[in-house]
$ cat query33.cif   # mmCIF, C-alpha atoms
data_entry
loop_
_atom_site.label_atom_id
_atom_site.label_comp_id
_atom_site.auth_asym_id
_atom_site.auth_seq_id
_atom_site.Cartn_x
_atom_site.Cartn_y
_atom_site.Cartn_z
CA MET E 270 -21.75 62.84 2.40
CA GLY E 271 -18.26 61.34 2.42
CA ILE E 272 -14.59 61.17 1.52
CA ALA E 273 -13.37 59.04 -1.39
CA LEU E 274 -9.80 57.86 -1.84
CA MET E 275 -9.12 57.00 -5.49
CA ILE E 276 -6.03 54.93 -6.26
CA GLY E 277 -4.92 55.39 -9.85
CA ALA E 278 -4.36 58.43 -12.08
CA GLY E 279 -4.80 57.16 -15.65
CA GLY E 280 -7.54 57.73 -18.21
CA VAL E 281 -10.33 56.02 -16.25
CA ALA E 282 -9.26 57.72 -13.01
CA SER E 283 -9.50 61.10 -14.74
CA VAL E 284 -13.14 60.41 -15.63
CA VAL E 285 -13.94 59.15 -12.11
CA ALA E 286 -12.42 62.30 -10.62
CA HIS E 287 -14.31 64.67 -12.94
CA LYS E 288 -17.61 62.89 -12.31
CA CYS E 289 -17.11 62.79 -8.52
CA CYS E 290 -16.56 66.54 -8.59
CA GLN E 291 -19.85 66.96 -10.45
CA HIS E 292 -21.54 65.51 -7.34
CA PRO E 293 -20.16 67.44 -4.35
CA GLU E 294 -23.33 66.60 -2.41
CA VAL E 295 -22.03 63.00 -2.29
CA PHE E 296 -18.26 63.42 -2.68
CA GLU E 297 -17.30 66.17 -0.23
CA GLU E 298 -13.62 65.35 -0.58
CA LEU E 299 -11.61 63.37 -3.13
CA TRP E 300 -8.07 62.12 -2.66
CA ILE E 301 -6.15 61.07 -5.78
CA ALA E 302 -3.23 58.71 -5.11
CA SER E 303 -0.81 57.03 -7.48
CA ARG E 304 2.78 55.88 -7.76
CA THR E 305 3.45 58.99 -9.87
CA LEU E 306 2.52 62.08 -7.84
CA SER E 307 2.87 64.42 -10.84
CA LYS E 308 -0.07 62.67 -12.55
CA CYS E 309 -2.20 63.24 -9.45
CA GLU E 310 -1.21 66.91 -9.30
CA ALA E 311 -2.01 67.40 -13.00
CA LEU E 312 -5.46 65.91 -12.48
CA LYS E 313 -6.03 68.03 -9.38
CA GLU E 314 -5.24 71.15 -11.42
CA GLN E 315 -8.04 70.25 -13.86
CA LEU E 316 -10.50 70.05 -10.95
CA LYS E 317 -9.54 73.23 -9.12
CA ASP E 318 -12.75 75.14 -9.91
CA GLY E 319 -15.10 72.59 -8.32
CA ILE E 320 -16.72 72.53 -4.89
CA THR E 321 -15.33 69.11 -3.96
CA LYS E 322 -12.05 69.43 -2.05
CA VAL E 323 -9.30 67.59 -3.98
CA SER E 324 -6.03 66.38 -2.43
CA THR E 325 -3.20 64.20 -3.72
CA ALA E 326 -0.80 61.61 -2.37
CA GLN E 327 1.92 59.27 -3.56
CA VAL E 328 1.42 55.53 -2.93
CA ASP E 329 2.78 52.24 -4.18
CA ALA E 330 -0.37 50.15 -4.61
CA ASP E 331 1.73 46.96 -4.64
CA ASN E 332 2.61 47.64 -0.99
CA THR E 333 -0.27 46.92 1.39
CA GLU E 334 1.43 48.70 4.31
CA GLU E 335 1.77 51.89 2.25
CA VAL E 336 -1.91 51.74 1.31
CA ILE E 337 -2.86 51.15 4.96
CA ALA E 338 -0.80 54.16 6.05
CA LEU E 339 -2.47 56.33 3.40
CA ILE E 340 -5.97 55.17 4.39
CA ASN E 341 -5.20 55.92 8.04
CA LYS E 342 -4.06 59.41 7.03
CA VAL E 343 -7.01 60.20 4.73
CA LYS E 344 -9.74 58.36 6.70
CA PRO E 345 -11.91 57.82 3.59
CA ASP E 346 -15.40 56.35 3.55
CA ILE E 347 -14.60 54.38 0.39
CA VAL E 348 -11.54 53.37 -1.64
CA ILE E 349 -12.08 53.48 -5.41
CA ASN E 350 -9.50 51.21 -7.03
CA VAL E 351 -8.76 52.24 -10.61
CA ALA E 352 -5.14 51.08 -10.48
CA LEU E 353 -3.99 47.87 -12.20
CA PRO E 354 -5.87 44.57 -11.68
CA TYR E 355 -2.64 43.08 -10.30
CA GLN E 356 -3.07 45.38 -7.28
CA ASP E 357 -6.65 44.45 -6.31
CA LEU E 358 -5.67 42.10 -3.50
CA THR E 359 -3.14 44.41 -1.84
CA ILE E 360 -5.74 47.19 -1.80
CA MET E 361 -8.47 44.86 -0.52
CA GLU E 362 -6.13 43.76 2.29
CA ALA E 363 -5.58 47.41 3.22
CA CYS E 364 -9.33 48.04 3.26
CA LEU E 365 -9.82 45.05 5.54
CA ALA E 366 -7.11 46.25 7.91
CA THR E 367 -8.72 49.70 8.14
CA LYS E 368 -12.40 48.65 7.81
CA VAL E 369 -13.11 50.84 4.75
CA ASP E 370 -15.47 50.03 1.86
CA TYR E 371 -13.89 49.03 -1.46
CA LEU E 372 -14.81 49.26 -5.17
CA ASP E 373 -12.95 48.30 -8.34
CA THR E 374 -13.59 48.06 -12.08
CA ALA E 375 -11.69 44.90 -13.04
CA ASN E 376 -11.08 41.56 -11.35
CA TYR E 377 -7.74 40.51 -9.95
CA GLU E 378 -5.34 38.75 -12.25
CA PRO E 379 -1.86 37.45 -11.43
CA LEU E 380 1.01 39.31 -13.05
CA ASP E 381 2.57 36.13 -14.44
CA THR E 382 -0.48 34.56 -16.10
CA ALA E 383 -3.44 35.98 -18.02
CA LYS E 384 -6.15 34.53 -15.77
CA PHE E 385 -9.35 36.55 -15.59
CA GLU E 386 -11.40 35.09 -12.77
CA TYR E 387 -12.98 36.16 -9.49
CA LYS E 388 -11.92 33.29 -7.21
CA TRP E 389 -9.18 35.29 -5.49
CA GLN E 390 -11.52 38.14 -4.62
CA TRP E 391 -14.56 35.99 -3.79
CA ALA E 392 -12.33 34.30 -1.20
CA TYR E 393 -12.49 37.57 0.81
CA LYS E 394 -16.29 37.42 1.26
CA GLU E 395 -16.36 36.11 4.83
CA ARG E 396 -13.58 38.43 6.00
CA PHE E 397 -15.39 41.49 4.60
CA GLU E 398 -18.63 40.33 6.24
CA LYS E 399 -16.92 39.99 9.61
CA ALA E 400 -15.30 43.41 9.20
CA GLY E 401 -18.72 44.93 8.41
CA ILE E 402 -17.53 46.49 5.15
CA THR E 403 -18.65 46.30 1.52
CA ALA E 404 -16.59 45.33 -1.52
CA VAL E 405 -18.12 46.00 -4.97
CA LEU E 406 -16.31 44.10 -7.71
CA GLY E 407 -16.14 45.00 -11.39
CA CYS E 408 -18.06 48.27 -11.45
CA GLY E 409 -17.01 49.58 -14.87
CA PHE E 410 -19.13 48.99 -17.95
CA ASP E 411 -18.23 45.42 -18.88
CA PRO E 412 -17.96 44.13 -16.24
CA GLY E 413 -20.22 46.51 -14.37
CA VAL E 414 -23.13 48.07 -16.22
CA THR E 415 -23.63 44.77 -18.08
CA GLY E 416 -24.30 43.14 -14.69
CA VAL E 417 -26.65 45.97 -13.66
CA PHE E 418 -28.45 45.61 -17.00
CA SER E 419 -28.86 41.90 -16.25
CA ALA E 420 -30.28 42.50 -12.77
CA TYR E 421 -32.64 45.12 -14.22
CA ALA E 422 -33.82 42.81 -17.00
CA LEU E 423 -34.47 40.00 -14.50
CA LYS E 424 -36.29 42.29 -12.07
CA HIS E 425 -38.59 43.94 -14.61
CA TYR E 426 -38.98 41.73 -17.68
CA PHE E 427 -38.20 38.09 -16.91
CA ASP E 428 -39.03 35.32 -14.46
CA GLU E 429 -36.00 33.46 -15.84
CA ILE E 430 -33.23 34.58 -18.18
CA HIS E 431 -32.00 31.72 -20.37
CA THR E 432 -29.42 33.38 -22.64
CA ILE E 433 -27.28 36.51 -22.48
CA ASP E 434 -25.22 37.92 -25.34
CA ILE E 435 -22.99 40.83 -24.27
CA LEU E 436 -21.99 42.98 -27.27
CA ASP E 437 -19.21 45.57 -27.03
CA ALA E 438 -18.69 47.69 -30.15
CA ASN E 439 -16.26 50.56 -30.58
CA ALA E 440 -16.63 52.42 -33.88
CA GLY E 441 -14.17 55.12 -32.82
CA ASP E 442 -11.20 56.14 -34.95
CA HIS E 443 -8.10 57.67 -33.29
CA GLY E 444 -6.02 57.89 -36.47
CA TYR E 445 -3.12 55.71 -35.29
CA PRO E 446 -2.20 52.53 -37.21
CA PHE E 447 -2.42 50.62 -33.90
CA ALA E 448 -3.33 51.68 -30.38
CA THR E 449 -5.44 50.32 -27.55
CA ASN E 450 -8.30 52.25 -25.95
CA PHE E 451 -7.42 51.21 -22.41
CA ASN E 452 -4.28 49.91 -20.69
CA PRO E 453 -2.41 48.13 -23.54
CA GLU E 454 -1.04 45.42 -21.27
CA ILE E 455 -4.48 44.46 -19.90
CA ASN E 456 -6.18 44.90 -23.29
CA ILE E 457 -3.76 42.69 -25.23
CA ARG E 458 -3.65 40.01 -22.52
CA GLU E 459 -7.44 39.86 -22.67
CA ILE E 460 -7.65 39.57 -26.46
CA THR E 461 -4.84 37.03 -26.93
CA ALA E 462 -6.13 34.72 -24.17
CA ASN E 463 -8.39 31.79 -25.05
CA GLY E 464 -12.02 32.68 -25.58
CA SER E 465 -14.82 30.97 -23.69
CA TYR E 466 -18.58 30.87 -23.34
CA PHE E 467 -20.94 29.42 -20.76
CA GLU E 468 -23.39 26.74 -21.81
CA ASN E 469 -25.42 24.21 -19.83
CA GLY E 470 -23.53 24.65 -16.59
CA GLU E 471 -19.93 24.77 -17.86
CA PHE E 472 -17.45 27.03 -19.57
CA ILE E 473 -16.27 25.91 -22.99
CA GLU E 474 -12.88 27.22 -24.13
CA THR E 475 -12.12 28.31 -27.68
CA GLU E 476 -8.93 29.31 -29.47
CA PRO E 477 -8.40 33.11 -29.42
CA LEU E 478 -10.51 35.06 -31.94
CA THR E 479 -11.79 31.97 -33.78
CA ILE E 480 -15.54 32.64 -33.39
CA LYS E 481 -16.65 35.64 -35.44
CA ARG E 482 -20.10 37.15 -35.98
CA VAL E 483 -21.37 40.27 -37.79
CA TYR E 484 -23.94 42.44 -36.03
CA ASN E 485 -25.84 45.55 -37.09
CA PHE E 486 -25.45 47.84 -34.08
CA PRO E 487 -27.91 50.71 -33.50
CA GLU E 488 -26.33 54.08 -34.46
CA ILE E 489 -23.10 52.37 -35.58
CA GLY E 490 -23.99 49.83 -38.26
CA GLU E 491 -22.56 46.44 -39.16
CA LYS E 492 -19.36 45.43 -37.37
CA ASP E 493 -17.23 42.30 -37.13
CA MET E 494 -17.22 40.99 -33.57
CA TYR E 495 -15.31 38.15 -31.95
CA LEU E 496 -16.07 35.90 -29.00
CA LEU E 497 -13.83 36.53 -25.98
CA HIS E 498 -13.66 35.30 -22.42
CA HIS E 499 -14.89 38.07 -20.12
CA GLU E 500 -15.09 38.02 -16.35
CA GLU E 501 -18.71 39.07 -15.90
CA MET E 502 -19.80 35.77 -17.45
CA GLU E 503 -18.36 34.01 -14.40
CA SER E 504 -20.53 35.90 -11.91
CA LEU E 505 -23.63 36.05 -14.12
CA ALA E 506 -23.49 32.25 -14.52
CA ILE E 507 -23.95 32.03 -10.74
CA ASN E 508 -26.29 34.96 -10.11
CA MET E 509 -28.82 34.66 -12.95
CA PRO E 510 -31.44 31.97 -12.15
CA GLY E 511 -32.27 29.63 -15.04
CA ILE E 512 -29.31 30.75 -17.15
CA LYS E 513 -28.32 28.32 -19.91
CA LYS E 514 -25.90 30.26 -22.14
CA ILE E 515 -23.75 33.40 -21.92
CA ARG E 516 -21.48 34.79 -24.62
CA PHE E 517 -19.34 37.94 -24.85
CA PHE E 518 -18.45 39.58 -28.17
CA MET E 519 -16.17 42.55 -28.90
CA THR E 520 -15.63 44.32 -32.22
CA PHE E 521 -12.21 44.59 -33.87
CA SER E 522 -11.25 45.94 -37.26
CA GLU E 523 -9.20 43.78 -39.63
CA ARG E 524 -6.40 46.40 -39.44
CA TYR E 525 -6.25 46.07 -35.65
CA LEU E 526 -6.18 42.28 -35.79
CA THR E 527 -3.46 42.28 -38.47
CA HIS E 528 -1.19 44.40 -36.28
CA LEU E 529 -1.98 42.21 -33.29
CA ARG E 530 -1.14 39.00 -35.17
CA VAL E 531 2.21 40.41 -36.29
CA LEU E 532 3.07 41.54 -32.75
CA GLU E 533 2.06 38.12 -31.42
CA ASN E 534 4.05 36.28 -34.09
CA VAL E 535 7.26 38.15 -33.23
CA GLY E 536 6.78 37.63 -29.48
CA MET E 537 5.87 41.18 -28.45
CA THR E 538 2.67 40.13 -26.68
CA SER E 539 4.44 37.58 -24.46
CA ILE E 540 4.30 38.01 -20.67
CA GLU E 541 7.34 35.73 -20.16
CA PRO E 542 10.41 37.78 -19.09
CA ILE E 543 13.42 37.75 -21.43
CA ASP E 544 17.04 38.84 -20.94
CA TYR E 545 17.96 42.03 -22.79
CA GLU E 546 21.40 43.60 -22.28
CA GLY E 547 21.63 42.30 -18.74
CA HIS E 548 18.06 43.24 -17.79
CA LYS E 549 14.90 41.18 -17.44
CA ILE E 550 12.08 42.71 -19.49
CA VAL E 551 8.54 41.54 -20.25
CA PRO E 552 7.88 42.07 -23.98
CA LEU E 553 4.26 43.08 -23.44
CA GLN E 554 5.27 45.67 -20.83
CA PHE E 555 7.84 47.07 -23.28
CA LEU E 556 5.17 47.21 -25.99
CA LYS E 557 2.90 49.08 -23.59
CA ALA E 558 5.65 51.68 -23.10
CA ILE E 559 5.97 52.43 -26.82
CA LEU E 560 2.28 52.39 -27.78
CA PRO E 561 0.23 55.61 -27.47
CA ASP E 562 -1.04 56.25 -23.94
CA PRO E 563 -4.83 55.59 -23.95
CA ALA E 564 -5.26 58.78 -21.92
CA SER E 565 -3.84 60.73 -24.90
CA LEU E 566 -6.42 59.43 -27.41
CA GLY E 567 -9.26 61.73 -26.34
CA PRO E 568 -8.61 64.71 -28.63
CA ARG E 569 -7.99 62.40 -31.63
CA THR E 570 -10.91 59.99 -31.37
CA LYS E 571 -14.12 60.36 -33.38
CA GLY E 572 -17.13 58.04 -33.59
CA LYS E 573 -19.28 56.13 -31.12
CA THR E 574 -19.37 53.07 -28.89
CA ASN E 575 -22.33 50.76 -28.38
CA ILE E 576 -22.27 48.36 -25.42
CA GLY E 577 -25.26 46.32 -24.36
CA CYS E 578 -26.88 42.97 -23.67
CA ILE E 579 -29.44 40.84 -25.50
CA TYR E 580 -31.53 38.53 -23.30
CA THR E 581 -33.94 35.71 -23.95
CA GLY E 582 -36.07 33.97 -21.36
CA VAL E 583 -39.60 33.64 -20.08
CA LYS E 584 -42.12 35.89 -18.32
CA ASP E 585 -45.47 34.51 -17.17
CA GLY E 586 -44.87 31.44 -19.29
CA LYS E 587 -44.21 33.41 -22.49
CA GLU E 588 -40.91 33.73 -24.35
CA VAL E 589 -39.34 37.20 -24.21
CA SER E 590 -36.33 38.78 -25.93
CA TYR E 591 -34.94 42.12 -24.76
CA TYR E 592 -32.01 44.37 -25.71
CA VAL E 593 -30.65 47.16 -23.50
CA TYR E 594 -27.64 49.24 -24.54
CA ASN E 595 -25.80 52.54 -24.31
CA VAL E 596 -24.39 54.56 -27.20
CA CYS E 597 -21.56 56.92 -26.27
CA ASP E 598 -19.93 59.57 -28.47
CA HIS E 599 -16.13 59.92 -28.20
CA GLU E 600 -16.11 63.62 -29.05
CA GLU E 601 -18.88 64.47 -26.58
CA CYS E 602 -16.94 62.67 -23.83
CA TYR E 603 -13.84 64.67 -24.67
CA ARG E 604 -15.73 67.94 -24.55
CA GLU E 605 -17.11 67.11 -21.11
CA VAL E 606 -14.19 65.52 -19.25
CA GLY E 607 -11.24 65.41 -21.68
CA SER E 608 -11.32 61.66 -22.34
CA GLN E 609 -12.41 59.24 -25.05
CA ALA E 610 -15.52 57.09 -24.61
CA ILE E 611 -13.75 53.90 -23.48
CA SER E 612 -12.42 55.62 -20.36
CA TYR E 613 -15.74 57.44 -19.96
CA THR E 614 -17.88 54.30 -20.07
CA THR E 615 -15.68 52.73 -17.37
CA GLY E 616 -15.20 55.79 -15.15
CA VAL E 617 -18.82 56.95 -14.93
CA PRO E 618 -20.10 53.59 -13.59
CA ALA E 619 -17.25 53.48 -11.05
CA MET E 620 -18.35 56.87 -9.74
CA ILE E 621 -22.01 55.77 -9.65
CA GLY E 622 -21.08 52.58 -7.79
CA ALA E 623 -19.17 54.59 -5.20
CA MET E 624 -22.20 56.88 -4.94
CA MET E 625 -24.45 53.85 -4.34
CA VAL E 626 -22.23 52.71 -1.46
CA LEU E 627 -21.82 56.17 0.10
CA THR E 628 -25.58 56.82 0.00
CA GLY E 629 -26.28 53.42 1.57
CA GLN E 630 -28.17 51.98 -1.40
CA TRP E 631 -25.50 49.37 -2.09
CA LYS E 632 -24.18 49.02 1.43
CA LYS E 633 -24.05 45.52 2.91
CA PRO E 634 -21.12 43.64 4.46
CA GLY E 635 -19.36 41.20 2.16
CA VAL E 636 -17.92 40.92 -1.35
CA TYR E 637 -20.40 41.35 -4.21
CA ASN E 638 -20.69 41.62 -7.96
CA VAL E 639 -22.92 44.44 -9.15
CA GLU E 640 -25.84 42.24 -10.24
CA GLU E 641 -26.36 41.26 -6.58
CA PHE E 642 -27.59 44.79 -5.72
CA ASN E 643 -30.81 46.65 -6.56
CA PRO E 644 -30.28 47.88 -10.14
CA ASP E 645 -32.95 50.60 -10.21
CA PRO E 646 -31.11 53.53 -8.54
CA PHE E 647 -27.97 52.77 -10.58
CA MET E 648 -29.96 52.67 -13.83
CA GLU E 649 -31.52 56.01 -12.90
CA GLU E 650 -28.08 57.57 -12.32
CA LEU E 651 -26.79 56.27 -15.67
CA ASN E 652 -29.41 58.41 -17.38
CA LYS E 653 -28.48 61.44 -15.27
CA CYS E 654 -24.70 61.08 -15.41
CA GLY E 655 -23.95 60.80 -19.12
CA LEU E 656 -24.62 57.15 -20.02
CA PRO E 657 -28.31 57.06 -21.00
CA TRP E 658 -29.58 53.63 -21.99
CA LYS E 659 -32.05 52.51 -24.60
CA GLU E 660 -34.11 49.33 -24.78
CA SER E 661 -35.97 47.32 -27.37
CA PHE E 662 -37.99 44.13 -27.47
CA ALA E 663 -37.65 41.44 -30.14
CA PRO E 664 -34.19 42.72 -31.26
CA ASP E 665 -32.05 41.18 -34.00
CA MET E 666 -30.48 38.10 -32.42
CA VAL E 667 -26.88 36.92 -32.73
CA GLU E 668 -26.59 33.60 -34.59
#

$ encode --input "query33.cif" --output "structure tokens"
Amino acid sequence: MGIALMIGAGGVASVVAHKCCQHPEVFEELWIASRTLSKCEALKEQLKDGITKVSTAQVDADNTEEVIALINKVKPDIVINVALPYQDLTIMEACLATKVDYLDTANYEPLDTAKFEYKWQWAYKERFEKAGITAVLGCGFDPGVTGVFSAYALKHYFDEIHTIDILDANAGDHGYPFATNFNPEINIREITANGSYFENGEFIETEPLTIKRVYNFPEIGEKDMYLLHHEEMESLAINMPGIKKIRFFMTFSERYLTHLRVLENVGMTSIEPIDYEGHKIVPLQFLKAILPDPASLGPRTKGKTNIGCIYTGVKDGKEVSYYVYNVCDHEECYREVGSQAISYTTGVPAMIGAMMVLTGQWKKPGVYNVEEFNPDPFMEELNKCGLPWKESFAPDMVE
């Protein structure tokens, strides 16, 4: 069906690669490219027994000309960006220059400020339309599947959705006193930024981690969860007709938050460069270097995740509430692809999104968030590809 060029070779990239190779009828060839060629080669070695042809390349994703040169060499049908969010725009520029479809899992953010918003990427919409190529933004789980869930709920169960609560729970235990389940730099920037929620046409900011709720998650039980800002709220606020309120909650243990507060209090979560023995270093980047690599957590992590959305709205004049969610087991993920569930729940949707583009089901010129496409074939593939979803009506609501 096509050639995919994947940029990135971390934990999520590993899942994407394994899942692409499970579908050789769609992914005839996969190129893995990263700044560190040895990581690409190590991943290729894991995939050597598959039908999909796997090749590797070295590339600096901060350098648009290098990415252009690689695309011209590989001639892919799609570029799957699972590098850092700071590199989204350089890769999008390269895709424009070479007229190749694009997909990522996280929105662009500037290196020097923790700003999670889509404006920089939405600004490419007209240029992608004119080039006749598709860009799919935020095709992980949240953002990603949460947007597909929303489109599915609207299509099948609602005339209007009025409220959305996105709930992300991780009940996994990796045994470390403190570690992050995905890129520490991105994870900590996200958590320590101001929270926000959408209500009556505007975003309302909150101090970090000040709004707490307790929720009884299916298959996991009661967990403390905290309101965060999350990028999918920005696109859902535009793309869901009749929407009045959107909130995003993520679970954290008290132990995790205690470590985080200490690190924040001593300045280790700062993104402002400091002078150290004649060198400029960013404390958060240094912290990332000494924390456990999220890709190494797979064999240690036990327990489950539960990520889903609760909706309220109306259908045929009647009030409706609906909950759709996925439960993922860390140990099962490791047995299948050698990763923990956080990487798995991001990597599988990225592969499915690329599949949707390559098979023409999500192929239209421009820049889009996932909820702007037909959700049904994606929802079907979630069930087939390791992320089965469950649904209930009249669920327990969040206060």

$ resolve_selection --input "query33.cif" --expression "the PyMOL selection byres ((chain E and resi 436) around 10)" --output "ChimeraX atom specification"
/E:411,415,433-435,437-438,484,486,494-496,516-520,575-579,594,667

$ axis_aligned_box --input "query33.cif" --around "segment 312-320 of chain E" --padding-each-side "5 Å" --output "lines of an AutoDock Vina configuration file"
center_x = -11.0
center_y = 70.5
center_z = -9.4
size_x = 21.5
size_y = 19.2
size_z = 19.0

$ residues_near_point --input "query33.cif" --point "(-2.5, 30.1, -29.9)" --cutoff "10 Å" --atoms "all atoms listed in the file" --output "number ranges by chain"
E: 461-463, 476-478, 533-534

$ write_last_selection --input "query33.cif" --atoms "C-alpha atoms" --output "short mmCIF file (atom, residue, chain, number, x, y, z; two decimals), keeping the file's coordinate frame"
data_model
loop_
_atom_site.label_atom_id
_atom_site.label_comp_id
_atom_site.auth_asym_id
_atom_site.auth_seq_id
_atom_site.Cartn_x
_atom_site.Cartn_y
_atom_site.Cartn_z
CA THR E 461 -4.84 37.03 -26.93
CA ALA E 462 -6.13 34.72 -24.17
CA ASN E 463 -8.39 31.79 -25.05
CA GLU E 476 -8.93 29.31 -29.47
CA PRO E 477 -8.40 33.11 -29.42
CA LEU E 478 -10.51 35.06 -31.94
CA GLU E 533 2.06 38.12 -31.42
CA ASN E 534 4.05 36.28 -34.09
#

$ closest_residue --input "query33.cif" --among "E:Val405, E:Val295, E:Ile360, E:Ala663" --to "Val593 of chain E" --atoms "only C-alpha atoms"
E:Ala663

$ closest_residue --input "query33.cif" --among "E:Val626, E:Leu566, E:Ala448, E:Leu497" --to "Ser608 of chain E" --atoms "only C-alpha atoms"
E:Leu566

$ closest_residue --input "query33.cif" --among "E:Gly567, E:Asn341, E:Phe662, E:Gly586" --to "Glu600 of chain E" --atoms "all atoms listed in the file"
E:Gly567

$ residues_near_point --input "query33.cif" --point "(-19.1, 43.0, -3.7)" --cutoff "6 Å" --atoms "all atoms listed in the file" --output "ChimeraX atom specification"
/E:404-406,636-638

$ atom_distance --input "query33.cif" --atom1 "atom CA of Pro510 of chain E" --atom2 "atom CA of Ser590 of chain E"
16.1 Å

$ resolve_selection --input "query33.cif" --expression "the PyMOL selection byres ((chain E and resi 309) around 9)" --output "list in words"
Gly277, Ala278, Ile301, Ala302, Ser303, Thr305, Leu306, Ser307, Lys308, Glu310, Ala311, Leu312, Lys313, Glu314, Ser324, Thr325, Ala326 and Gln327 of chain E

$ atom_distance --input "query33.cif" --atom1 "atom CA of Leu532 of chain E" --atom2 "atom CA of Pro568 of chain E"
26.3 Å

$ closest_residue --input "query33.cif" --among "E:Phe410, E:Lys481, E:Ala610, E:Ile455" --to "Ile540 of chain E" --atoms "all atoms listed in the file"
E:Ile455

$ residues_around --input "query33.cif" --residues "Trp300 of chain E" --least-positions-apart "4" --cutoff "10 Å" --atoms "all atoms listed in the file" --output "CSV table (one decimal) with C-alpha atoms, in the coordinates of the input"
chain,number,residue,atom,x,y,z
E,272,ILE,CA,-14.6,61.2,1.5
E,273,ALA,CA,-13.4,59.0,-1.4
E,274,LEU,CA,-9.8,57.9,-1.8
E,275,MET,CA,-9.1,57.0,-5.5
E,276,ILE,CA,-6.0,54.9,-6.3
E,286,ALA,CA,-12.4,62.3,-10.6
E,309,CYS,CA,-2.2,63.2,-9.4
E,313,LYS,CA,-6.0,68.0,-9.4
E,322,LYS,CA,-12.0,69.4,-2.0
E,323,VAL,CA,-9.3,67.6,-4.0
E,324,SER,CA,-6.0,66.4,-2.4
E,325,THR,CA,-3.2,64.2,-3.7
E,326,ALA,CA,-0.8,61.6,-2.4
E,343,VAL,CA,-7.0,60.2,4.7
E,345,PRO,CA,-11.9,57.8,3.6
E,348,VAL,CA,-11.5,53.4,-1.6
E,349,ILE,CA,-12.1,53.5,-5.4

$ residues_around --input "query33.cif" --residues "Pro542 of chain E" --least-positions-apart "4" --cutoff "9 Å" --atoms "only C-alpha atoms" --output "list in words"
Lys549, Ile550, Val551 and Pro552 of chain E

$ atom_distance --input "query33.cif" --atom1 "atom CA of Phe642 of chain E" --atom2 "atom CA of Tyr421 of chain E"
9.9 Å

$ residues_around --input "query33.cif" --residues "Lys571 of chain E" --least-positions-apart "4" --cutoff "6 Å" --atoms "only C-alpha atoms" --output "count of residues only"
4

$ closest_residue --input "query33.cif" --among "E:Gln390, E:Thr479, E:Thr581, E:Ser539" --to "Glu454 of chain E" --atoms "only C-alpha atoms"
E:Ser539

$ closest_residue --input "query33.cif" --among "E:Lys653, E:His548, E:Lys288, E:Lys587" --to "Tyr613 of chain E" --atoms "only C-alpha atoms"
E:Lys288

$ resolve_selection --input "query33.cif" --expression "the PyMOL selection byres ((chain E and resi 612) around 9)" --output "ChimeraX atom specification"
/E:280-284,450-451,563-564,608-611,613-617

$ decode --input "query33.cif" --residues "segment 496-504 of chain E" --atoms "N, CA, C and O atoms" --output "JSON list (two decimals), in the first residue's frame"
[["chain", "number", "residue", "atom", "x", "y", "z"],
["E", 496, "LEU", "N", -7.15, 18.56, 37.54],
["E", 496, "LEU", "CA", -7.46, 19.27, 36.30],
["E", 496, "LEU", "C", -6.19, 19.86, 35.69],
["E", 496, "LEU", "O", -5.43, 20.56, 36.37],
["E", 497, "LEU", "N", -5.96, 19.57, 34.41],
["E", 497, "LEU", "CA", -4.83, 20.11, 33.66],
["E", 497, "LEU", "C", -5.34, 20.84, 32.42],
["E", 497, "LEU", "O", -6.45, 20.60, 31.96],
["E", 498, "HIS", "N", -4.48, 21.67, 31.85],
["E", 498, "HIS", "CA", -4.73, 22.12, 30.47],
["E", 498, "HIS", "C", -4.29, 20.98, 29.56],
["E", 498, "HIS", "O", -3.26, 20.35, 29.78],
["E", 499, "HIS", "N", -5.07, 20.72, 28.50],
["E", 499, "HIS", "CA", -4.65, 19.72, 27.52],
["E", 499, "HIS", "C", -5.12, 20.15, 26.15],
["E", 499, "HIS", "O", -6.23, 20.66, 26.00],
["E", 500, "GLU", "N", -4.26, 19.92, 25.15],
["E", 500, "GLU", "CA", -4.46, 20.57, 23.86],
["E", 500, "GLU", "C", -5.73, 20.17, 23.12],
["E", 500, "GLU", "O", -6.28, 20.96, 22.35],
["E", 501, "GLU", "N", -6.23, 18.94, 23.34],
["E", 501, "GLU", "CA", -7.42, 18.56, 22.58],
["E", 501, "GLU", "C", -8.63, 19.40, 22.94],
["E", 501, "GLU", "O", -9.58, 19.51, 22.15],
["E", 502, "MET", "N", -8.63, 20.01, 24.13],
["E", 502, "MET", "CA", -9.75, 20.89, 24.49],
["E", 502, "MET", "C", -9.87, 22.04, 23.50],
["E", 502, "MET", "O", -10.97, 22.49, 23.18],
["E", 503, "GLU", "N", -8.71, 22.52, 23.02],
["E", 503, "GLU", "CA", -8.70, 23.67, 22.12],
["E", 503, "GLU", "C", -9.40, 23.35, 20.80],
["E", 503, "GLU", "O", -10.19, 24.16, 20.29],
["E", 504, "SER", "N", -9.15, 22.16, 20.24],
["E", 504, "SER", "CA", -9.80, 21.82, 18.97],
["E", 504, "SER", "C", -11.24, 21.36, 19.18],
["E", 504, "SER", "O", -12.13, 21.68, 18.38]]
